[in-house]
Amino acid sequence: MIKIKTNYILILSLFFVLSYMIFQIFAYDLNYYGVPSVEIRSFYLYSFGYTILGIFISLIIGRLYSKNSVISQIPYSLNLILGCLWILDGVLQFQPQMPYGFLTFVIQPSIMAISETGIQNFLYIGYSTWALHPFQFDALSGALQVFIGFSFLTYRSRSGLKLISIISIFWALIIWIFGEGLGGIPVYGVSLLTGFPGSALLYILMAVPYLQDKFEHKSVLHEYFRNSLLVLVGISIILQLLPFNSYWTSGIFSQIIYNNTFSQGESLWMYIILESVWPLLIFHTAYINILFSLILVSLFFLLLSGNKTGDLIGMVTVSIFWILFQNLGIYQNPATDFNSGLLLVLIFYINSFDSTLSFPVRSIVLHLTEKKIR
């Protein structure tokens with residue numbers, strides 16, 4: 001029981017750290033982003049009203065499904081991760097610049113980056129719909145995500161979690177298609193560094209186990225996440241090595257990090273990190289890309305062999321990518337989520353659970369210790 005609680009403490013600690021980062025963003029936006037006070041007041045009235053309504057509906061649904069319902073055997077750690085992240089993403093939708101900035105800085109660039117005209121025209125359907133009532137749609141979007149997150153945190157019944165996972169998958173699919181431009185996959189130069197395959201798709205991946213009872217067996221759940229990671233890492237290796245991809249271009253890694261330094265008004269420590277790193281990656285781009293690719297190849301084979309060291313290497317590698325190349329997801333104006341880097345780190349974390357749900361890092365340390373003893 002103590003081991004399981006340790007997982008909860010770690011996840012909740014991460015939640016509070018991420019919450020502080022979001023607080024920084026709100027404080028910065030309220031000081032430097034000019035929005036008429038009347039519009040801001042209306043926006044937050046909508047947001048508050050819809051959020052309270054969403055929580056109320058969640059409580060009613062939870063009450064209905066709690067009666068004579070079988071308790072889900074899927075580890076509550078997964079509920080906790082999904083619940084916390086959906087709530088934080090919902091709060092990000094309530095940024096003062098979001099109603100107008102979402103279209104200008106998020107949707108439109110992702111559409112314009114796609115060269116295929118047919119896909120562009122399809123995605124502009126979502127753009128045009130949102131533009132009709134940006135304040136209302138943004139408030140509803142944030143409230144819906146808080147509703148999903150609150151439900152994941154409070155539901156324990158198999159049927160209740162199945163319902164909320166269906167809702168979350170439906171909404172994440174809309175986000176992935178219209179909000180993320182198909183996760184950026186049609187864009188030239190996409191890779192694990194830049195956010196492949198899109199955070200919303202990873203939310204779907206994490207919600208799928210609630211749809212079928214077979215995933216309540218720990219071995220089946222572990223196999224599902226392991227195979228999912230193998231597919232993602234395998235595709236990422238190909239994307240990183242493609243000859244015509246941008247990662248063989250001289251100075252590309254340095255350029256990405258350098259560009260990220262311009263959006264660091266909210267975080268001095270992130271600015272210091274990025275400002276220190278980008279000059280180191282100006283030269284020897286081909287060697288750097290080969291190094292990244294070799295790390296991913298090693299990670300793939302460690303996952304394939306079931307070696308728990310792979311989970312630790314995966315968490316460290318993706319964390320570095322998330323910090324340096326994805327700007328932590330939220331330090332981009334205006335941010336709607338933490339990008340795929342954080343989700344992948346947490347999926348590696350979930351994958352490291354053993355059959356007794358022991359503390360993952362402890363299991364990895366024991367595994368490494370046993371190898372040395374042998």
# chains A, B, ... in the order shown; residues from 1 in each chain; ligands from 1
$ select_by_dssp --residues "range 255-306 of chain A" --states "alpha helix (DSSP H)" --output "count of residues only"
37
$ closest_atom_pairs --of "range 46-65 of chain A" --to "range 75-88 of chain A" --cutoff "12 Å" --atoms "only C-alpha atoms" --output "CSV"
residue,atom,partner,partner_atom,distance
A:Thr51,CA,A:Ile87,CA,10.5
A:Gly54,CA,A:Ile87,CA,11.9
A:Ile55,CA,A:Ile87,CA,11.2
$ closest_residue --among "A:Leu192, A:Leu103, A:Ile9, A:Ile256" --to "His133 in chain A" --atoms "only C-alpha atoms"
A:Leu103
$ closest_residue --among "A:Tyr247, A:Phe102, A:Tyr124, A:Tyr224" --to "Phe178 in chain A" --atoms "only C-alpha atoms"
A:Tyr124
$ residues_around --residues "range 203-207 of chain A" --least-positions-apart "6" --cutoff "9 Å" --atoms "only C-alpha atoms" --output "list in words"
Leu78, Leu82, Trp86, Lys162, Ile164, Ser165, Ile166, Ser168, Ile169, Phe170, Ala172, Leu173, Phe225, Ser228, Leu343 and Ile347 of chain A
$ residues_around --residues "range 62-69 of chain A" --least-positions-apart "4" --cutoff "7 Å" --atoms "only C-alpha atoms" --output "list of chain:residue names"
A:Ser58, A:Tyr155, A:Ser157, A:Ser159, A:Gly160
$ closest_residue --among "A:Phe43, A:Val190, A:Ile71, A:Phe147" --to "Ile114 in chain A" --atoms "only C-alpha atoms"
A:Val190
$ closest_atom_pairs --of "range 193-239 of chain A" --to "range 302-316 of chain A" --cutoff "10 Å" --atoms "only C-alpha atoms" --output "tab-separated table"
residue	atom	partner	partner_atom	distance
A:Glu223	CA	A:Gly306	CA	9.8
A:Arg226	CA	A:Leu303	CA	6.8
A:Asn227	CA	A:Leu304	CA	8.4
A:Leu229	CA	A:Leu303	CA	7.9
A:Leu230	CA	A:Leu303	CA	6.7
A:Val233	CA	A:Leu303	CA	9.5
$ write_last_selection --atoms "N, CA and C atoms" --output "CSV table (one decimal), in the first residue's frame"
chain,number,residue,atom,x,y,z
A,223,GLU,N,1.6,-4.8,-21.5
A,223,GLU,CA,2.0,-5.2,-22.8
A,223,GLU,C,1.4,-4.1,-23.8
A,226,ARG,N,3.7,-1.0,-23.5
A,226,ARG,CA,5.1,-1.4,-24.1
A,226,ARG,C,5.0,-1.4,-25.6
A,227,ASN,N,4.0,-2.0,-26.2
A,227,ASN,CA,3.8,-2.1,-27.6
A,227,ASN,C,3.6,-0.7,-28.2
A,229,LEU,N,4.7,2.1,-27.0
A,229,LEU,CA,6.0,2.8,-27.0
A,229,LEU,C,6.9,2.3,-28.1
A,230,LEU,N,6.9,1.0,-28.4
A,230,LEU,CA,7.7,0.5,-29.4
A,230,LEU,C,7.3,1.0,-30.8
A,233,VAL,N,8.4,4.9,-30.8
A,233,VAL,CA,9.9,5.0,-30.9
A,233,VAL,C,10.4,4.5,-32.2
$ atom_distance --atom1 "CA of Ser47 in chain A" --atom2 "CA of Ala143 in chain A"
6.5 Å
